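S.K.: File model-v4.cif below, mmCIF, C-alpha atoms:
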```
data_run
loop_
_atom_site.label_atom_id
_atom_site.label_comp_id
_atom_site.auth_asym_id
_atom_site.auth_seq_id
_atom_site.Cartn_x
_atom_site.Cartn_y
_atom_site.Cartn_z
CA MET A 247 0.00 0.00 0.00
CA ARG A 248 1.16 3.48 -0.80
CA TYR A 249 1.18 6.09 1.94
CA LEU A 250 1.16 8.99 -0.51
CA THR A 251 -2.06 10.94 -0.72
CA ASP A 252 -3.62 11.64 -4.11
CA ARG A 253 -2.62 15.26 -3.84
CA LYS A 254 0.97 14.39 -3.01
CA ARG A 255 1.13 12.21 -6.12
CA ALA A 256 -0.21 15.02 -8.29
CA VAL A 257 1.98 17.92 -7.18
CA GLY A 258 5.45 18.55 -8.47
CA LYS A 259 6.64 17.33 -11.82
CA GLY A 260 4.09 14.57 -12.30
CA ALA A 261 4.39 11.16 -13.90
CA SER A 262 6.88 12.30 -16.54
CA GLY A 263 9.26 13.54 -13.87
CA THR A 264 10.00 16.59 -15.99
CA GLY A 265 6.62 18.32 -15.88
CA THR A 266 5.64 20.04 -19.13
CA GLU A 267 9.24 20.66 -20.18
CA HIS A 268 9.13 18.13 -23.05
CA HIS A 269 5.80 19.37 -24.41
CA TRP A 270 6.90 22.99 -24.23
CA TRP A 271 10.21 22.30 -25.96
CA MET A 272 8.46 20.40 -28.77
CA SER A 273 6.01 23.28 -29.25
CA ALA A 274 8.74 25.93 -29.29
CA SER A 275 10.95 24.01 -31.74
CA ALA A 276 7.88 23.24 -33.89
CA VAL A 277 7.22 26.96 -34.31
CA ALA A 278 10.87 27.57 -35.21
CA LEU A 279 10.81 24.74 -37.77
CA ALA A 280 7.48 25.92 -39.20
CA PHE A 281 9.10 29.24 -40.08
CA MET A 282 12.19 27.67 -41.63
CA ILE A 283 10.94 24.52 -43.42
CA PRO A 284 9.20 26.03 -46.51
CA THR A 285 12.24 28.08 -47.59
CA TRP A 286 14.59 25.21 -46.83
CA LEU A 287 12.49 22.75 -48.87
CA PHE A 288 12.76 25.15 -51.80
CA ILE A 289 16.57 25.42 -51.48
CA VAL A 290 17.07 21.66 -51.18
CA GLY A 291 14.46 20.87 -53.84
CA THR A 292 16.04 23.16 -56.42
CA THR A 293 19.58 21.95 -55.63
CA LEU A 294 18.89 18.20 -55.68
CA GLY A 295 19.91 16.82 -59.05
CA ALA A 296 22.45 19.57 -59.74
CA ASP A 297 26.13 18.86 -60.43
CA GLN A 298 28.61 18.80 -57.55
CA GLN A 299 29.98 22.28 -58.27
CA THR A 300 26.50 23.79 -58.00
CA VAL A 301 25.69 21.83 -54.85
CA ILE A 302 28.88 23.05 -53.18
CA SER A 303 28.48 26.68 -54.21
CA THR A 304 24.82 26.64 -53.09
CA PHE A 305 25.49 25.25 -49.62
CA ALA A 306 28.66 27.37 -49.32
CA SER A 307 26.61 30.57 -49.58
CA PRO A 308 25.59 32.13 -46.26
CA PHE A 309 21.81 31.83 -46.33
CA PRO A 310 21.51 28.17 -47.41
CA ALA A 311 24.41 27.19 -45.13
CA ILE A 312 23.01 28.89 -42.02
CA LEU A 313 19.44 27.77 -42.73
CA THR A 314 20.50 24.16 -43.28
CA ALA A 315 22.57 24.24 -40.08
CA LEU A 316 19.56 25.56 -38.16
CA ILE A 317 17.23 22.96 -39.70
CA VAL A 318 19.63 20.17 -38.75
CA ILE A 319 20.32 21.43 -35.20
CA VAL A 320 16.70 22.17 -34.30
CA GLY A 321 15.16 19.43 -36.45
CA MET A 322 17.32 16.58 -35.19
CA GLN A 323 16.62 17.49 -31.56
CA HIS A 324 12.91 17.75 -32.39
CA PHE A 325 13.17 14.28 -33.95
CA ALA A 326 15.08 12.77 -31.00
CA LYS A 327 12.67 14.16 -28.40
CA GLY A 328 9.75 13.21 -30.65
CA THR A 329 10.78 9.55 -30.76
CA GLU A 330 10.62 9.51 -26.95
CA VAL A 331 6.84 9.75 -27.19
CA TRP A 332 6.30 6.48 -29.09
CA ILE A 333 9.12 4.75 -27.22
CA GLU A 334 7.35 5.55 -23.93
CA ASP A 335 4.16 4.05 -25.40
CA TYR A 336 5.55 0.80 -26.79
CA VAL A 337 8.93 0.01 -25.21
CA HIS A 338 9.34 -0.04 -21.45
CA GLY A 339 12.10 -0.40 -18.88
CA THR A 340 15.74 -0.75 -19.82
CA ALA A 341 14.96 -1.47 -23.48
CA GLY A 342 13.03 1.78 -23.67
CA LYS A 343 15.87 3.75 -22.13
CA ALA A 344 18.38 2.12 -24.47
CA LEU A 345 16.21 2.93 -27.48
CA LYS A 346 15.87 6.56 -26.41
CA ILE A 347 19.65 6.82 -26.10
CA ALA A 348 20.05 5.16 -29.53
CA MET A 349 17.59 7.61 -31.13
CA HIS A 350 19.32 10.61 -29.55
CA SER A 351 22.68 9.22 -30.72
CA LEU A 352 21.39 8.77 -34.27
CA ALA A 353 20.09 12.35 -34.25
CA TYR A 354 23.42 13.74 -33.06
CA VAL A 355 25.40 11.67 -35.60
CA ILE A 356 23.22 13.05 -38.41
CA MET A 357 23.56 16.56 -36.98
CA ALA A 358 27.36 16.38 -36.73
CA THR A 359 27.69 14.81 -40.20
CA ALA A 360 25.56 17.52 -41.81
CA LEU A 361 27.47 20.29 -40.01
CA TYR A 362 30.78 18.74 -41.08
CA ALA A 363 29.59 18.55 -44.70
CA LEU A 364 28.34 22.14 -44.59
CA GLY A 365 31.58 23.38 -43.02
CA LYS A 366 33.66 21.61 -45.61
CA MET A 367 31.55 22.94 -48.48
CA VAL A 368 31.90 26.48 -47.10
CA PHE A 369 35.66 25.91 -46.97
CA ILE A 370 35.78 24.51 -50.52
CA GLY A 371 33.63 27.45 -51.58
CA LEU A 372 36.19 29.86 -50.10
CA LEU A 373 39.02 28.07 -51.94
CA LEU A 374 37.11 28.27 -55.20
CA GLY A 375 36.40 31.93 -54.52
CA ASN A 376 32.61 31.73 -54.43
CA MET B 28 -6.53 5.50 4.10
CA ALA B 29 -7.80 2.14 5.22
CA GLU B 30 -7.93 -1.02 3.08
CA VAL B 31 -6.93 -0.54 -0.52
CA LYS B 32 -9.65 -2.45 -2.31
CA GLN B 33 -8.97 -3.93 -5.71
CA VAL B 34 -11.93 -2.69 -7.68
CA GLU B 35 -12.93 -4.50 -10.85
CA ARG B 36 -12.44 -1.72 -13.32
CA PRO B 37 -13.61 -1.91 -16.92
CA LEU B 38 -10.72 -2.36 -19.33
CA SER B 39 -10.25 0.35 -21.85
CA PRO B 40 -11.18 -0.92 -25.32
CA HIS B 41 -8.18 -2.02 -27.31
CA LEU B 42 -7.07 -0.38 -30.51
CA GLN B 43 -8.01 -3.34 -32.72
CA ILE B 44 -11.70 -3.27 -31.76
CA TYR B 45 -12.00 0.47 -32.18
CA ARG B 46 -13.66 1.71 -35.36
CA PRO B 47 -11.06 3.72 -37.27
CA GLN B 48 -11.83 7.39 -36.83
CA MET B 49 -10.44 10.50 -38.48
CA THR B 50 -9.16 11.79 -35.14
CA SER B 51 -7.24 8.62 -34.29
CA PHE B 52 -6.04 8.07 -37.88
CA SER B 53 -4.72 11.63 -38.22
CA SER B 54 -3.00 11.35 -34.84
CA ILE B 55 -1.30 8.04 -35.76
CA MET B 56 -0.20 9.56 -39.08
CA THR B 57 1.46 12.44 -37.21
CA ARG B 58 3.62 9.92 -35.38
CA ILE B 59 4.39 7.82 -38.48
CA THR B 60 5.35 10.84 -40.60
CA GLY B 61 7.44 12.42 -37.82
CA ASN B 62 9.50 9.27 -37.47
CA GLY B 63 9.49 8.23 -41.13
CA ILE B 64 11.00 11.48 -42.36
CA ILE B 65 14.33 10.31 -40.91
CA VAL B 66 14.80 8.06 -44.00
CA GLY B 67 14.76 11.10 -46.27
CA VAL B 68 17.02 13.01 -43.87
CA LEU B 69 19.55 10.16 -43.91
CA LEU B 70 19.66 10.10 -47.71
CA LEU B 71 19.90 13.90 -47.89
CA VAL B 72 22.71 14.21 -45.33
CA TRP B 73 24.57 11.36 -47.03
CA TRP B 74 24.25 13.30 -50.29
CA LEU B 75 25.55 16.49 -48.60
CA LEU B 76 28.50 14.56 -47.16
CA ALA B 77 29.26 13.09 -50.59
CA ALA B 78 29.21 16.54 -52.18
CA ALA B 79 31.81 17.65 -49.63
CA THR B 80 33.96 14.53 -50.10
CA SER B 81 35.04 13.82 -53.69
CA PRO B 82 33.72 13.82 -57.27
CA ALA B 83 33.71 10.00 -57.42
CA TYR B 84 31.84 9.66 -54.13
CA PHE B 85 29.39 12.38 -55.14
CA ASP B 86 28.67 10.59 -58.43
CA PHE B 87 27.96 7.39 -56.50
CA VAL B 88 25.60 8.92 -53.92
CA ASN B 89 24.05 11.39 -56.36
CA ALA B 90 23.13 8.47 -58.63
CA ILE B 91 21.21 6.90 -55.75
CA ALA B 92 19.65 10.20 -54.62
CA THR B 93 18.42 10.98 -58.13
CA SER B 94 17.35 7.41 -59.03
CA TRP B 95 13.74 6.19 -58.89
CA PHE B 96 14.51 5.06 -55.35
CA GLY B 97 15.77 8.51 -54.37
CA ASP B 98 12.76 10.13 -56.01
CA LEU B 99 10.45 7.81 -54.08
CA VAL B 100 12.18 8.46 -50.75
CA PHE B 101 12.27 12.22 -51.22
CA THR B 102 8.71 12.48 -52.53
CA LEU B 103 7.33 10.43 -49.63
CA SER B 104 9.50 12.45 -47.22
CA LEU B 105 8.13 15.66 -48.70
CA LEU B 106 4.59 14.38 -48.21
CA GLY B 107 5.54 13.35 -44.67
CA VAL B 108 7.06 16.75 -43.90
CA TRP B 109 3.96 18.62 -45.08
CA TYR B 110 1.60 16.30 -43.23
CA HIS B 111 3.64 16.61 -40.02
CA TYR B 112 3.83 20.37 -40.59
CA LEU B 113 0.06 20.77 -40.80
CA ALA B 114 -0.61 18.29 -37.98
CA GLY B 115 1.91 20.18 -35.82
CA ILE B 116 0.14 23.46 -36.45
CA ARG B 117 -3.11 21.70 -35.57
CA HIS B 118 -1.58 20.75 -32.22
CA LEU B 119 -0.37 24.29 -31.60
CA ILE B 120 -3.93 25.51 -32.25
CA TRP B 121 -5.39 22.84 -29.95
CA ASP B 122 -2.93 23.88 -27.24
CA THR B 123 -4.69 27.25 -27.13
CA GLY B 124 -7.93 25.40 -26.30
CA ARG B 125 -9.58 26.13 -29.64
CA TYR B 126 -11.27 23.77 -32.17
CA MET B 127 -11.37 20.82 -29.80
CA ASP B 128 -14.94 19.76 -30.63
CA ILE B 129 -15.21 16.50 -32.59
CA LYS B 130 -16.67 17.97 -35.79
CA THR B 131 -13.93 20.58 -36.12
CA ALA B 132 -11.21 18.13 -35.04
CA GLU B 133 -12.33 15.72 -37.78
CA MET B 134 -12.41 18.52 -40.30
CA LEU B 135 -8.86 19.51 -39.33
CA GLY B 136 -7.82 15.89 -39.94
CA TRP B 137 -9.04 16.23 -43.53
CA VAL B 138 -7.20 19.54 -43.78
CA CYS B 139 -3.97 17.75 -42.83
CA ILE B 140 -4.47 14.94 -45.37
CA ILE B 141 -5.70 16.97 -48.33
CA GLY B 142 -3.45 19.91 -47.44
CA SER B 143 -0.32 17.76 -47.36
CA VAL B 144 -1.07 16.31 -50.82
CA VAL B 145 -1.74 19.79 -52.23
CA LEU B 146 1.40 21.30 -50.64
CA THR B 147 3.52 18.36 -51.90
CA ALA B 148 2.22 18.85 -55.44
CA LEU B 149 2.78 22.62 -55.18
CA THR B 150 6.34 22.12 -53.91
CA LEU B 151 7.15 19.69 -56.73
CA ILE B 152 5.72 22.10 -59.30
CA ILE B 153 7.61 25.10 -57.87
CA ILE B 154 11.00 23.38 -57.63
CA HIS B 155 10.68 22.07 -61.20
CA LEU B 156 9.83 25.48 -62.67
#
```
As a first step, turn the structure in this file into structure tokens.
M.R.:
Amino acid sequence: MRYLTDRKRAVGKGASGTGTEHHWWMSASAVALAFMIPTWLFIVGTTLGADQQTVISTFASPFPAILTALIVIVGMQHFAKGTEVWIEDYVHGTAGKALKIAMHSLAYVIMATALYALGKMVFIGLLLGN
Amino acid sequence: MAEVKQVERPLSPHLQIYRPQMTSFSSIMTRITGNGIIVGVLLLVWWLLAAATSPAYFDFVNAIATSWFGDLVFTLSLLGVWYHYLAGIRHLIWDTGRYMDIKTAEMLGWVCIIGSVVLTALTLIIIHL
């Protein structure tokens, strides 16, 4: 039997342990992404299929480079925290924790890879004098 | 707090005996699209990495990214992005306490589905202009 009263169980940070922090972060990053996604889709969509030179000079220019970096940084964290929701529904205990860590790791690997690629293209762009 | 009695509570109906509804379907789709987009992101970031690596590697990855498989992945991802985009806005609206009644919620589900197809078509038309 539990000696906690109903009220005691309800106050504080609740069942999640982190209160509304997760929900609020997802909402805030969603708004940020909503502003950035349409323009970014246009940049990526018009660059896909181009030759390597064009791809490099496009992503070496300030606006596409910064926007893509922002999309990757905010988007990958939004993805990682988003996967937590279904993991909490379907996978419990240690397996659930492991899966959350794996999803966060995947997100950060993608983020770092994209930032590396962007950085290198900016550098190549400088060398080529774009 | 005296005896804690185990009350026979009714079980909540399981998913498989529920009649599919627009509200549940559009909610499930939000989850599927949000997670599924990662396939397109993987292919795109691989393509970016290849562009920054070498001409030979770019040719290899670019051939995959622009093949029928790449087209399929990116088109489905685009559809997924727009669906998730609209469904996300729907959640932001719901968070303000508005449009929570069933009729409007179902209508917003249709907005997400039809809207995502329309926005995908528009995007494809615009980028091919």
S.K.: Give one line per residue of chain B that approaches chain A to at most 8 Å, naming the two atoms of the closest pair and their distance in Å to one decimal, counting only C-alpha atoms; sort by chain then ascending residue number and deliver it as CSV.
M.R.:
```
residue,atom,partner,partner_atom,distance
B:Val31,CA,A:Met247,CA,7.0
B:Arg58,CA,A:Trp332,CA,7.7
B:Gly61,CA,A:Phe325,CA,7.2
B:Asn62,CA,A:Thr329,CA,6.8
B:Leu69,CA,A:Ile356,CA,7.2
B:Val72,CA,A:Ala360,CA,5.6
B:Leu75,CA,A:Ala363,CA,6.0
B:Leu76,CA,A:Ala363,CA,4.8
B:Ala78,CA,A:Gln298,CA,5.9
B:Ala79,CA,A:Met367,CA,5.4
B:Pro82,CA,A:Gln298,CA,7.1
B:Phe85,CA,A:Gln298,CA,6.9
B:Asn89,CA,A:Gly295,CA,7.3
B:Ala92,CA,A:Gly295,CA,8.0
B:Thr93,CA,A:Gly295,CA,6.1
B:Tyr112,CA,A:Ala280,CA,6.8
B:Gly115,CA,A:Ala276,CA,7.0
B:Leu119,CA,A:Ser273,CA,6.9
B:Thr150,CA,A:Phe288,CA,7.4
B:Leu151,CA,A:Gly291,CA,7.9
B:Ile153,CA,A:Phe288,CA,8.0
B:Ile154,CA,A:Thr292,CA,5.2
B:His155,CA,A:Thr292,CA,7.3
```
S.K.: What gap, in Å, lies between CA of Trp109 in chain B and CA of Ser143 in chain B?
M.R.: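 Those two atoms sit 4.9 Å apart.
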S.K.: Grab the CA of Ile317 in chain A to CA of Ala348 in chain A distance for me, in Å with one decimal place.
M.R.: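 Straight-line distance from CA of Ile317 in chain A to CA of Ala348 in chain A works out to 20.7 Å.
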S.K.: In Å, rounded to a single decimal, give me how far CA of Gly263 in chain A is from CA of Ala341 in chain A.
M.R.: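 Atom-to-atom, CA of Ala341 in chain A and CA of Gly263 in chain A are spaced 18.7 Å apart.
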S.K.: For this file, the PyMOL selection byres ((chain B and resi 140) around 10) selects which residues, as a VMD selection string?
M.R.: chain B and resid 53 56 106 109 to 111 113 to 114 135 to 139 141 to 145
S.K.: Could you save the residues just selected, with C-alpha atoms, as an mmCIF file, in the frame of the given file?
M.R.:
```
data_model
loop_
_atom_site.group_PDB
_atom_site.id
_atom_site.type_symbol
_atom_site.label_atom_id
_atom_site.label_comp_id
_atom_site.auth_asym_id
_atom_site.auth_seq_id
_atom_site.Cartn_x
_atom_site.Cartn_y
_atom_site.Cartn_z
ATOM 1 C CA SER B 53 -4.720 11.630 -38.220
ATOM 2 C CA MET B 56 -0.200 9.560 -39.080
ATOM 3 C CA LEU B 106 4.590 14.380 -48.210
ATOM 4 C CA TRP B 109 3.960 18.620 -45.080
ATOM 5 C CA TYR B 110 1.600 16.300 -43.230
ATOM 6 C CA HIS B 111 3.640 16.610 -40.020
ATOM 7 C CA LEU B 113 0.060 20.770 -40.800
ATOM 8 C CA ALA B 114 -0.610 18.290 -37.980
ATOM 9 C CA LEU B 135 -8.860 19.510 -39.330
ATOM 10 C CA GLY B 136 -7.820 15.890 -39.940
ATOM 11 C CA TRP B 137 -9.040 16.230 -43.530
ATOM 12 C CA VAL B 138 -7.200 19.540 -43.780
ATOM 13 C CA CYS B 139 -3.970 17.750 -42.830
ATOM 14 C CA ILE B 141 -5.700 16.970 -48.330
ATOM 15 C CA GLY B 142 -3.450 19.910 -47.440
ATOM 16 C CA SER B 143 -0.320 17.760 -47.360
ATOM 17 C CA VAL B 144 -1.070 16.310 -50.820
ATOM 18 C CA VAL B 145 -1.740 19.790 -52.230
#
```
S.K.: Could the centre and edge lengths of an axis-aligned box, enclosing all atoms of range 320-324 of chain A in the file with 3 Å extra on each side, be given in Å to one decimal as AutoDock Vina command-line options?
M.R.:
```
--center_x 15.1 --center_y 19.4 --center_z -34.0 --size_x 10.4 --size_y 11.6 --size_z 10.9
```
S.K.: Write out as a list in words the residues lying within 10 Å of Gly342 in chain A, counting only C-alpha atoms and excluding same-chain residues fewer than 6 positions away.
M.R.: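 Listed by chain and then number, they are Glu330, Trp332, Ile333, Glu334, Asp335, Tyr336 and Ala348 of chain A.
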S.K.: Here is a test: counting only C-alpha atoms, which residue of A:Pro308, A:Ile319, A:Lys327, A:Ile347 is nearest to His268 in chain A?
M.R.: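 For His268 in chain A, the nearest of the given residues is A:Lys327.
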S.K.: Which one of A:Ala278, A:Gly260, A:Gln323, A:Asp252 sits closest to Ala358 in chain A if you count all atoms listed in the file?
M.R.: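 Of A:Ala278, A:Gly260, A:Gln323, A:Asp252, the one nearest Ala358 in chain A, counting all atoms listed in the file, is A:Gln323.
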